[in-house]
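Have a look at run.tsv below; it lists TSV, C-alpha atoms.
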chain	number	residue	atom	x	y	z
A	1293	MET	CA	35.42	-39.72	1.47
A	1294	ILE	CA	33.58	-42.99	1.94
A	1295	ALA	CA	30.94	-41.22	3.97
A	1296	ARG	CA	30.62	-38.63	1.24
A	1297	LEU	CA	30.18	-41.28	-1.37
A	1298	THR	CA	27.66	-43.04	0.80
A	1299	ILE	CA	25.45	-40.04	1.27
A	1300	THR	CA	25.87	-38.80	-2.29
A	1301	VAL	CA	25.24	-42.12	-3.97
A	1302	GLY	CA	22.42	-42.90	-1.59
A	1303	LEU	CA	20.75	-39.61	-2.21
A	1304	LEU	CA	21.26	-39.73	-5.93
A	1305	SER	CA	19.72	-43.17	-5.94
A	1306	ALA	CA	16.77	-41.88	-4.01
A	1307	MET	CA	16.39	-38.91	-6.29
A	1308	PHE	CA	16.68	-40.52	-9.64
A	1309	ALA	CA	15.54	-44.09	-9.13
A	1310	HIS	CA	12.17	-43.42	-10.67
A	1311	ASP	CA	11.57	-47.12	-11.05
A	1312	VAL	CA	11.30	-47.50	-7.30
A	1313	ALA	CA	7.90	-48.94	-6.52
A	1314	ALA	CA	5.06	-46.54	-7.13
A	1315	ASN	CA	5.30	-44.30	-4.09
A	1316	GLY	CA	8.25	-45.96	-2.43
A	1317	THR	CA	11.73	-44.64	-1.89
A	1318	PRO	CA	14.81	-46.22	-0.41
A	1319	ASP	CA	14.73	-46.13	3.34
A	1320	ILE	CA	17.86	-44.07	3.87
A	1321	GLU	CA	18.82	-43.46	7.46
A	1322	PHE	CA	20.93	-40.44	8.18
A	1323	SER	CA	23.24	-39.62	11.03
A	1324	ARG	CA	22.31	-36.53	13.00
A	1325	VAL	CA	24.95	-34.40	11.30
A	1326	GLN	CA	23.88	-35.58	7.85
A	1327	HIS	CA	20.31	-34.79	8.80
A	1328	ASP	CA	21.34	-31.30	9.89
A	1329	TYR	CA	23.24	-30.81	6.65
A	1330	LEU	CA	20.22	-31.83	4.62
A	1331	LEU	CA	17.84	-29.52	6.38
A	1332	SER	CA	20.10	-26.54	6.90
A	1333	CYS	CA	22.54	-26.60	3.98
A	1334	ALA	CA	21.64	-28.96	1.14
A	1335	GLY	CA	18.76	-26.90	-0.22
A	1336	CYS	CA	21.24	-24.35	-1.58
A	1337	HIS	CA	24.63	-26.10	-1.47
A	1338	ARG	CA	23.03	-29.26	-2.86
A	1339	PHE	CA	23.55	-32.82	-1.72
A	1340	ASP	CA	27.08	-33.01	-3.08
A	1341	GLY	CA	28.14	-29.65	-1.63
A	1342	GLN	CA	28.83	-28.21	-5.07
A	1343	GLY	CA	26.47	-25.27	-4.76
A	1344	SER	CA	24.62	-23.73	-7.66
A	1345	GLY	CA	24.80	-20.37	-9.38
A	1346	ASP	CA	25.63	-17.76	-6.75
A	1347	VAL	CA	25.83	-20.38	-4.00
A	1348	PRO	CA	29.50	-21.32	-3.59
A	1349	SER	CA	30.84	-24.84	-3.50
A	1350	LEU	CA	31.89	-26.16	-0.09
A	1351	ASP	CA	35.10	-27.57	-1.55
A	1352	GLU	CA	37.06	-24.54	-0.35
A	1353	THR	CA	36.00	-24.69	3.28
A	1354	PHE	CA	39.24	-26.36	4.38
A	1355	LYS	CA	41.31	-23.82	2.46
A	1356	LEU	CA	39.30	-20.94	3.92
A	1357	LEU	CA	39.77	-22.33	7.41
A	1358	SER	CA	43.52	-22.11	7.04
A	1359	LEU	CA	43.47	-18.43	6.03
A	1360	PRO	CA	43.70	-15.59	8.56
A	1361	GLY	CA	40.13	-14.64	9.36
A	1362	GLY	CA	38.79	-17.74	7.62
A	1363	ARG	CA	37.76	-19.44	10.82
A	1364	ALA	CA	35.55	-16.53	11.82
A	1365	TYR	CA	34.24	-16.23	8.28
A	1366	LEU	CA	32.98	-19.83	8.08
A	1367	ALA	CA	31.08	-19.54	11.36
A	1368	GLY	CA	29.84	-16.05	10.56
A	1369	VAL	CA	28.28	-16.73	7.16
A	1370	PRO	CA	24.60	-15.91	7.72
A	1371	GLY	CA	23.43	-19.37	6.65
A	1372	VAL	CA	25.71	-20.87	9.29
A	1373	ALA	CA	25.34	-18.32	12.06
A	1374	GLN	CA	21.54	-18.25	11.83
A	1375	ALA	CA	20.99	-21.96	11.36
A	1376	PRO	CA	18.26	-23.17	13.75
A	1377	LEU	CA	20.71	-25.42	15.59
A	1378	ASP	CA	22.29	-25.06	18.99
A	1379	ASP	CA	25.99	-24.28	19.25
A	1380	GLU	CA	27.02	-27.89	19.77
A	1381	ARG	CA	25.17	-29.20	16.74
A	1382	LEU	CA	26.38	-26.30	14.64
A	1383	ALA	CA	30.00	-26.99	15.63
A	1384	ASP	CA	29.54	-30.66	14.69
A	1385	LEU	CA	28.02	-29.64	11.38
A	1386	LEU	CA	30.83	-27.22	10.54
A	1387	ASN	CA	33.50	-29.80	11.36
A	1388	TRP	CA	31.70	-32.43	9.29
A	1389	VAL	CA	31.33	-30.13	6.27
A	1390	ILE	CA	35.03	-29.24	6.34
A	1391	LYS	CA	36.00	-32.91	6.39
A	1392	GLU	CA	33.31	-34.11	4.03
A	1393	PHE	CA	33.43	-31.47	1.33
A	1394	GLY	CA	36.56	-29.46	2.08
A	1395	GLY	CA	38.72	-32.55	2.14
A	1396	GLY	CA	40.44	-31.53	5.36
A	1397	ASP	CA	41.38	-34.11	7.95
A	1398	GLU	CA	43.87	-32.29	10.09
A	1399	PHE	CA	42.52	-29.10	11.57
A	1400	GLU	CA	41.53	-27.81	14.94
A	1401	PRO	CA	37.82	-28.57	15.15
A	1402	TYR	CA	35.36	-25.88	16.05
A	1403	ARG	CA	34.38	-25.97	19.70
A	1404	THR	CA	30.89	-25.35	20.98
A	1405	GLU	CA	31.78	-22.20	22.91
A	1406	GLU	CA	33.79	-20.81	20.01
A	1407	VAL	CA	30.88	-21.26	17.61
A	1408	GLY	CA	28.60	-19.56	20.12
A	1409	GLN	CA	30.85	-16.51	20.08
A	1410	LEU	CA	31.50	-16.40	16.35
A	1411	ARG	CA	27.88	-16.79	15.31
A	1412	ALA	CA	26.76	-13.93	17.53
A	1413	GLU	CA	27.57	-11.41	14.81
A	1414	PRO	CA	26.62	-12.78	11.39
A	1415	LEU	CA	28.49	-11.28	8.45
A	1416	ARG	CA	26.60	-8.63	6.51
A	1417	SER	CA	28.59	-9.00	3.29
A	1418	PRO	CA	29.78	-12.60	3.17
A	1419	ARG	CA	30.56	-12.58	-0.55
A	1420	GLU	CA	32.91	-9.64	-0.23
A	1421	VAL	CA	34.62	-11.15	2.82
A	1422	ARG	CA	35.07	-14.45	1.00
A	1423	ALA	CA	36.49	-12.79	-2.11
A	1424	ALA	CA	38.91	-10.77	0.01
A	1425	LEU	CA	40.05	-13.85	1.92
A	1426	LEU	CA	40.69	-15.86	-1.23
A	1427	ALA	CA	42.44	-12.95	-2.94
A	1428	GLU	CA	45.07	-12.69	-0.24
B	1459	MET	CA	15.03	-64.86	-47.41
B	1460	SER	CA	16.35	-65.84	-44.01
B	1461	LEU	CA	15.12	-68.88	-42.13
B	1462	LEU	CA	13.50	-66.66	-39.53
B	1463	ASP	CA	11.54	-64.76	-42.18
B	1464	GLN	CA	10.42	-68.01	-43.76
B	1465	TRP	CA	9.30	-69.39	-40.42
B	1466	MET	CA	7.38	-66.22	-39.56
B	1467	GLU	CA	5.67	-66.22	-42.94
B	1468	SER	CA	4.61	-69.86	-42.79
B	1469	SER	CA	3.40	-69.49	-39.19
B	1470	SER	CA	1.35	-66.43	-40.08
B	1471	ARG	CA	-0.22	-68.16	-43.04
B	1472	ARG	CA	-1.04	-71.26	-40.99
B	1473	MET	CA	-2.64	-69.13	-38.31
B	1474	ALA	CA	-4.60	-67.12	-40.89
B	1475	ARG	CA	-6.01	-70.33	-42.36
B	1476	ARG	CA	-7.07	-71.72	-39.00
B	1477	MET	CA	-8.32	-68.60	-37.29
B	1478	GLY	CA	-10.67	-65.72	-38.16
B	1479	ARG	CA	-9.71	-62.13	-37.43
B	1480	ARG	CA	-12.33	-61.82	-34.70
B	1481	SER	CA	-11.11	-64.99	-33.03
B	1482	PHE	CA	-7.50	-63.73	-33.17
B	1483	LEU	CA	-8.41	-60.36	-31.69
B	1484	GLY	CA	-10.41	-62.04	-28.93
B	1485	LYS	CA	-7.48	-64.24	-27.90
B	1486	LEU	CA	-5.04	-61.35	-28.12
B	1487	GLY	CA	-7.35	-59.32	-25.88
B	1488	ALA	CA	-7.49	-62.15	-23.35
B	1489	VAL	CA	-3.70	-62.36	-23.23
B	1490	VAL	CA	-3.33	-58.58	-22.78
B	1491	ALA	CA	-6.00	-58.44	-20.06
B	1492	GLY	CA	-4.54	-61.49	-18.31
B	1493	THR	CA	-1.07	-59.98	-18.28
B	1494	ALA	CA	-2.42	-56.75	-16.83
B	1495	ALA	CA	-4.23	-58.70	-14.11
B	1496	LEU	CA	-1.14	-60.67	-13.06
B	1497	PRO	CA	0.04	-58.09	-10.51
B	1498	LEU	CA	-3.29	-58.49	-8.74
B	1499	LEU	CA	-2.42	-62.06	-7.79
B	1500	PRO	CA	-1.32	-62.54	-4.17
B	1501	VAL	CA	2.17	-63.73	-5.09
B	1502	ALA	CA	2.76	-60.66	-7.22
B	1503	ARG	CA	1.50	-58.41	-4.45
B	1504	GLY	CA	3.80	-60.09	-1.98
B	1505	HIS	CA	6.78	-59.44	-4.22
B	1506	ALA	CA	5.81	-55.80	-4.62
B	1507	ASP	CA	5.52	-55.45	-0.85
B	1508	ASN	CA	9.03	-56.84	-0.45
B	1509	ALA	CA	10.33	-54.40	-3.03
B	1510	ARG	CA	8.87	-51.56	-0.99
B	1511	ALA	CA	10.18	-52.76	2.34
B	1512	GLY	CA	11.51	-49.77	4.21
B	1513	ALA	CA	9.55	-47.24	2.19
B	1514	PRO	CA	7.03	-45.17	4.11
B	1515	PRO	CA	3.59	-46.77	4.15
B	1516	GLU	CA	1.37	-45.15	1.55
B	1517	ASP	CA	-1.88	-47.09	1.71
B	1518	ILE	CA	-3.74	-44.33	3.45
B	1519	ASP	CA	-7.40	-43.57	2.97
B	1520	GLY	CA	-8.75	-40.12	2.26
B	1521	PRO	CA	-6.97	-36.94	1.21
B	1522	VAL	CA	-3.99	-37.74	3.45
B	1523	GLY	CA	-3.30	-40.64	1.07
B	1524	ASP	CA	-3.99	-38.79	-2.18
B	1525	PRO	CA	-0.76	-37.34	-3.63
B	1526	ASN	CA	-2.77	-34.70	-5.46
B	1527	ALA	CA	-4.47	-33.40	-2.32
B	1528	CYS	CA	-3.00	-30.63	-0.19
B	1529	GLU	CA	-3.73	-32.78	2.86
B	1530	TYR	CA	-1.48	-35.56	1.56
B	1531	TRP	CA	0.99	-36.30	4.33
B	1532	ARG	CA	4.09	-35.58	2.25
B	1533	ASN	CA	2.74	-32.18	1.25
B	1534	CYS	CA	2.95	-30.92	4.82
B	1535	ALA	CA	5.25	-28.03	3.90
B	1536	ILE	CA	4.44	-27.34	0.27
B	1537	ASP	CA	3.65	-23.86	-0.90
B	1538	GLY	CA	2.67	-23.89	-4.56
B	1539	PHE	CA	1.00	-25.95	-7.25
B	1540	LEU	CA	1.21	-29.73	-7.06
B	1541	CYS	CA	3.04	-31.09	-10.12
B	1542	GLY	CA	0.77	-34.16	-10.06
B	1543	CYS	CA	-2.07	-31.86	-11.18
B	1544	CYS	CA	0.08	-30.18	-13.81
B	1545	GLY	CA	1.20	-32.98	-16.11
B	1546	GLY	CA	4.00	-34.23	-13.91
B	1547	SER	CA	3.89	-36.18	-10.66
B	1548	TYR	CA	5.01	-35.85	-7.07
B	1549	LYS	CA	8.53	-36.69	-8.27
B	1550	THR	CA	8.66	-35.60	-11.91
B	1551	CYS	CA	8.30	-32.26	-13.63
B	1552	PRO	CA	5.72	-31.62	-16.35
B	1553	PRO	CA	7.04	-31.76	-19.93
B	1554	GLY	CA	8.70	-28.54	-20.93
B	1555	THR	CA	9.91	-27.68	-17.43
B	1556	GLU	CA	13.12	-28.43	-15.58
B	1557	MET	CA	13.73	-29.33	-11.95
B	1558	SER	CA	15.58	-26.65	-10.06
B	1559	PRO	CA	18.90	-27.78	-8.57
B	1560	THR	CA	18.14	-25.81	-5.41
B	1561	SER	CA	15.25	-26.79	-3.21
B	1562	TRP	CA	13.37	-26.48	0.01
B	1563	ILE	CA	13.85	-29.43	2.34
B	1564	GLY	CA	11.70	-30.27	5.34
B	1565	THR	CA	10.20	-33.15	7.26
B	1566	CYS	CA	6.70	-34.63	7.39
B	1567	ARG	CA	5.22	-37.29	9.65
B	1568	ASN	CA	3.73	-40.37	8.05
B	1569	PRO	CA	0.37	-40.96	9.76
B	1570	ILE	CA	0.64	-44.76	9.60
B	1571	ASP	CA	4.07	-45.52	11.04
B	1572	LYS	CA	4.28	-42.19	12.93
B	1573	LYS	CA	7.81	-41.67	11.61
B	1574	ASP	CA	9.21	-38.41	10.31
B	1575	TYR	CA	10.64	-38.41	6.79
B	1576	VAL	CA	12.91	-35.92	5.06
B	1577	ILE	CA	10.98	-34.42	2.17
B	1578	TRP	CA	12.59	-32.73	-0.79
B	1579	TYR	CA	10.37	-30.05	-2.33
B	1580	ASN	CA	11.77	-29.37	-5.72
B	1581	ASP	CA	10.29	-26.69	-7.92
B	1582	CYS	CA	9.77	-27.24	-11.63
B	1583	CYS	CA	10.68	-24.22	-13.69
B	1584	GLY	CA	10.51	-22.84	-17.20
B	1585	SER	CA	6.81	-22.61	-17.92
B	1586	ASN	CA	4.05	-20.36	-16.65
B	1587	PRO	CA	2.61	-21.15	-13.20
B	1588	CYS	CA	0.41	-24.22	-13.48
B	1589	GLY	CA	-2.52	-22.78	-11.55
B	1590	ARG	CA	-3.97	-26.10	-10.40
B	1591	CYS	CA	-3.95	-27.69	-6.94
B	1592	LEU	CA	-2.60	-24.69	-5.07
B	1593	CYS	CA	-1.49	-25.69	-1.58
B	1594	ASN	CA	-0.02	-23.68	1.24
B	1595	ARG	CA	1.08	-25.78	4.17
B	1596	ASN	CA	3.97	-24.76	6.34
B	1597	VAL	CA	5.02	-27.41	8.82
B	1598	GLY	CA	8.54	-26.54	9.93
B	1599	GLU	CA	8.76	-23.41	7.80
B	1600	ARG	CA	10.77	-20.58	9.24
B	1601	ALA	CA	10.95	-16.86	8.66
B	1602	MET	CA	12.50	-15.34	5.57
B	1603	HIS	CA	15.80	-14.68	7.31
B	1604	HIS	CA	16.24	-18.47	7.31
B	1605	PRO	CA	15.98	-18.61	3.51
B	1606	TYR	CA	16.85	-22.31	3.29
B	1607	ARG	CA	13.85	-23.06	5.55
B	1608	ASN	CA	11.41	-20.74	3.85
B	1609	ASN	CA	9.00	-21.99	1.23
B	1610	ASP	CA	7.87	-18.56	0.05
B	1611	ILE	CA	11.11	-18.25	-1.87
B	1612	ASN	CA	11.13	-18.93	-5.59
B	1613	TRP	CA	13.46	-21.90	-5.60
B	1614	CYS	CA	13.70	-21.64	-9.38
B	1615	GLY	CA	16.53	-19.21	-8.64
B	1616	GLY	CA	18.95	-22.06	-9.26
B	1617	ALA	CA	17.43	-23.14	-12.57
B	1618	SER	CA	18.09	-21.74	-16.05
B	1619	SER	CA	14.61	-20.23	-16.05
B	1620	GLN	CA	13.22	-18.57	-12.95
B	1621	ILE	CA	9.59	-18.97	-14.00
B	1622	TYR	CA	7.91	-21.16	-11.41
B	1623	ASN	CA	5.53	-23.85	-12.65
B	1624	CYS	CA	4.84	-26.35	-9.84
B	1625	SER	CA	6.38	-28.27	-6.92
B	1626	THR	CA	7.27	-31.90	-6.32
B	1627	ALA	CA	7.47	-33.64	-2.94
B	1628	MET	CA	9.85	-36.58	-2.70
B	1629	VAL	CA	10.82	-38.65	0.31
B	1630	ILE	CA	14.59	-38.98	0.53
B	1631	GLY	CA	14.89	-40.89	3.78
B	1632	LEU	CA	14.04	-41.18	7.43
B	1633	ALA	CA	14.45	-38.02	9.45
B	1634	VAL	CA	16.45	-38.14	12.65
B	1635	GLU	CA	13.82	-35.85	14.14
B	1636	GLY	CA	10.83	-33.88	12.97
B	1637	GLN	CA	10.88	-30.14	12.63
B	1638	PRO	CA	11.22	-27.92	14.47
B	1639	GLU	CA	14.47	-29.15	15.93
B	1640	LYS	CA	14.64	-29.52	19.67
Could I get this structure in the form of structure tokens?
Amino acid sequence: MIARLTITVGLLSAMFAHDVAANGTPDIEFSRVQHDYLLSCAGCHRFDGQGSGDVPSLDETFKLLSLPGGRAYLAGVPGVAQAPLDDERLADLLNWVIKEFGGGDEFEPYRTEEVGQLRAEPLRSPREVRAALLAE
Amino acid sequence: MSLLDQWMESSSRRMARRMGRRSFLGKLGAVVAGTAALPLLPVARGHADNARAGAPPEDIDGPVGDPNACEYWRNCAIDGFLCGCCGGSYKTCPPGTEMSPTSWIGTCRNPIDKKDYVIWYNDCCGSNPCGRCLCNRNVGERAMHHPYRNNDINWCGGASSQIYNCSTAMVIGLAVEGQPEK
């Protein structure tokens, strides 16, 4: 939670501190996984993971993970499966998102090999799969 | 009448007796000009430099240092009209438009410190396309099947109006690595 606050507050400061010197911005340094989140996820899911419009919030990632089929779903969502990251970085990113936004601390983390297998076949209808999972 | 009002009135009358209008305007002009020139003093510049410590260096000559030029270093992956030419700036939307909550995010290398920075390209939406300063640079852009890395998409999809007006380009921090990822 502290990490989430750090990145969220830091980013919000950077975004809205218009009184920062003319062209300057705070010199925020990101960890690799935060960097990967920014470049591969935050454009749609936003900096706080809340999503926007048709883009779902990441708050339910931990809940989805615990559902039958949820583990494959999270790694098979096209935005995840096709992210331009290798399997190891993608596994780290998934685990970080679940902790950071899903609020889950105790779960079996994704392994590199597992992500490699699950991402091989991206879901064609992720919205329908998600709705079906949450309806069960 | 309050004491303050009385004091203001007597001061104004005293000043009016001693000083002509032209003299007053001349002195007022000197004060205004002097205040504006204060930031040019070395001490003021030093303070400003401290305030910007950690920010990417921006004192760059030529188009690479002009925020309203396509060649500007932070515009390395912008595809659209620069908001700085449209009544806004590189970080603010023109009046009458709103910033889309969804955005295209990339990295650009600062030519002075040779560091890569994460750049947030936010579209401004709600008014007809600006039509000025059209740029199309694509460092780190990926094909359409990576939608979050594609700058051909209308990122106004997340705003209340999907009419694209212009794009901003804000630095949000140091990148761990430049695009494309290794």
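Near chain A, the residues of chain B that fall inside 6 Å (using all atoms listed in the file) are Arg1510, Gly1512, Ala1513, Thr1560, Ser1561, Trp1562, Ile1563, Ile1630, Gly1631 and Leu1632 of chain B.
For the choices A:Gly1368, A:Pro1401, A:Gly1394, A:Gly1341, the atom-to-atom distance to A:Lys1355 is smallest for A:Gly1394 when using all atoms listed in the file.
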Mind checking which residues fall within 8 Å of B:Leu1540, counting only C-alpha atoms, ignoring those fewer than 5 positions away in the same chain, and posting them as a count of residues only? 10
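Between atom CA of A:Arg1419 and atom CA of A:Leu1366 the separation is 11.5 Å.
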Would you list the contacts of B:Asp1519 as an MDAnalysis selection string, taking every protein, DNA or RNA residue within 12 Å and counting all atoms listed in the file, but skipping same-chain residues closer than 2 positions in sequence? chainID B and resid 1515:1517 1521:1525 1527 1529:1531 1569:1570
Surrounding residues of B:Asn1609 excluding itself and chain neighbours under 6 positions, 12 Å, only C-alpha atoms, as a list in words: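 The residues satisfying every condition are Gly1335 of chain A; Asn1533, Cys1534, Ala1535, Ile1536, Asp1537, Gly1538, Thr1560, Ser1561, Trp1562, Ile1563, Gly1564, Trp1578, Tyr1579, Asn1580, Asp1581, Cys1593, Asn1594, Arg1595, Asn1596, Val1597, Gly1598, Glu1599, Arg1600, Ala1601, Met1602, His1603 and Ser1625 of chain B.
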Calculate how many Å separate atom CA of A:Gly1395 from atom CA of A:Phe1354, rounding to one decimal.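 About the pair atom CA of A:Gly1395 and atom CA of A:Phe1354: they are 6.6 Å apart.
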Interatomic distance (Å, one decimal) between atom CA of A:Leu1426 and atom CA of A:Ile1390: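 If I compute the distance from atom CA of A:Leu1426 to atom CA of A:Ile1390, I get 16.4 Å.
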Can you tell me which residues surround A:Val1369 at a distance of at most 10 Å, considering all atoms listed in the file, apart from same-chain residues fewer than 2 positions away, and format the answer as a list in words? Ala1364, Tyr1365, Leu1366, Ala1367, Gly1371, Val1372, Ala1373, Gln1374, Ala1375, Leu1410, Arg1411, Glu1413, Pro1414, Leu1415, Arg1416, Ser1417, Pro1418, Arg1419, Val1421 and Arg1422 of chain A
Counting only C-alpha atoms, which residues come within 12 Å of (37.5, -24.7, 19.6), with the point read in the file's coordinates, and could you list them as a PyMOL selection string? chain A and resi 1363-1364+1367+1379-1380+1383-1384+1386-1387+1399-1410
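For the residues B:Cys1588, B:Ile1621, B:Thr1565, B:Pro1559, ranking by smallest atom-to-atom distance to A:Asp1340 using all atoms listed in the file places B:Pro1559 first.
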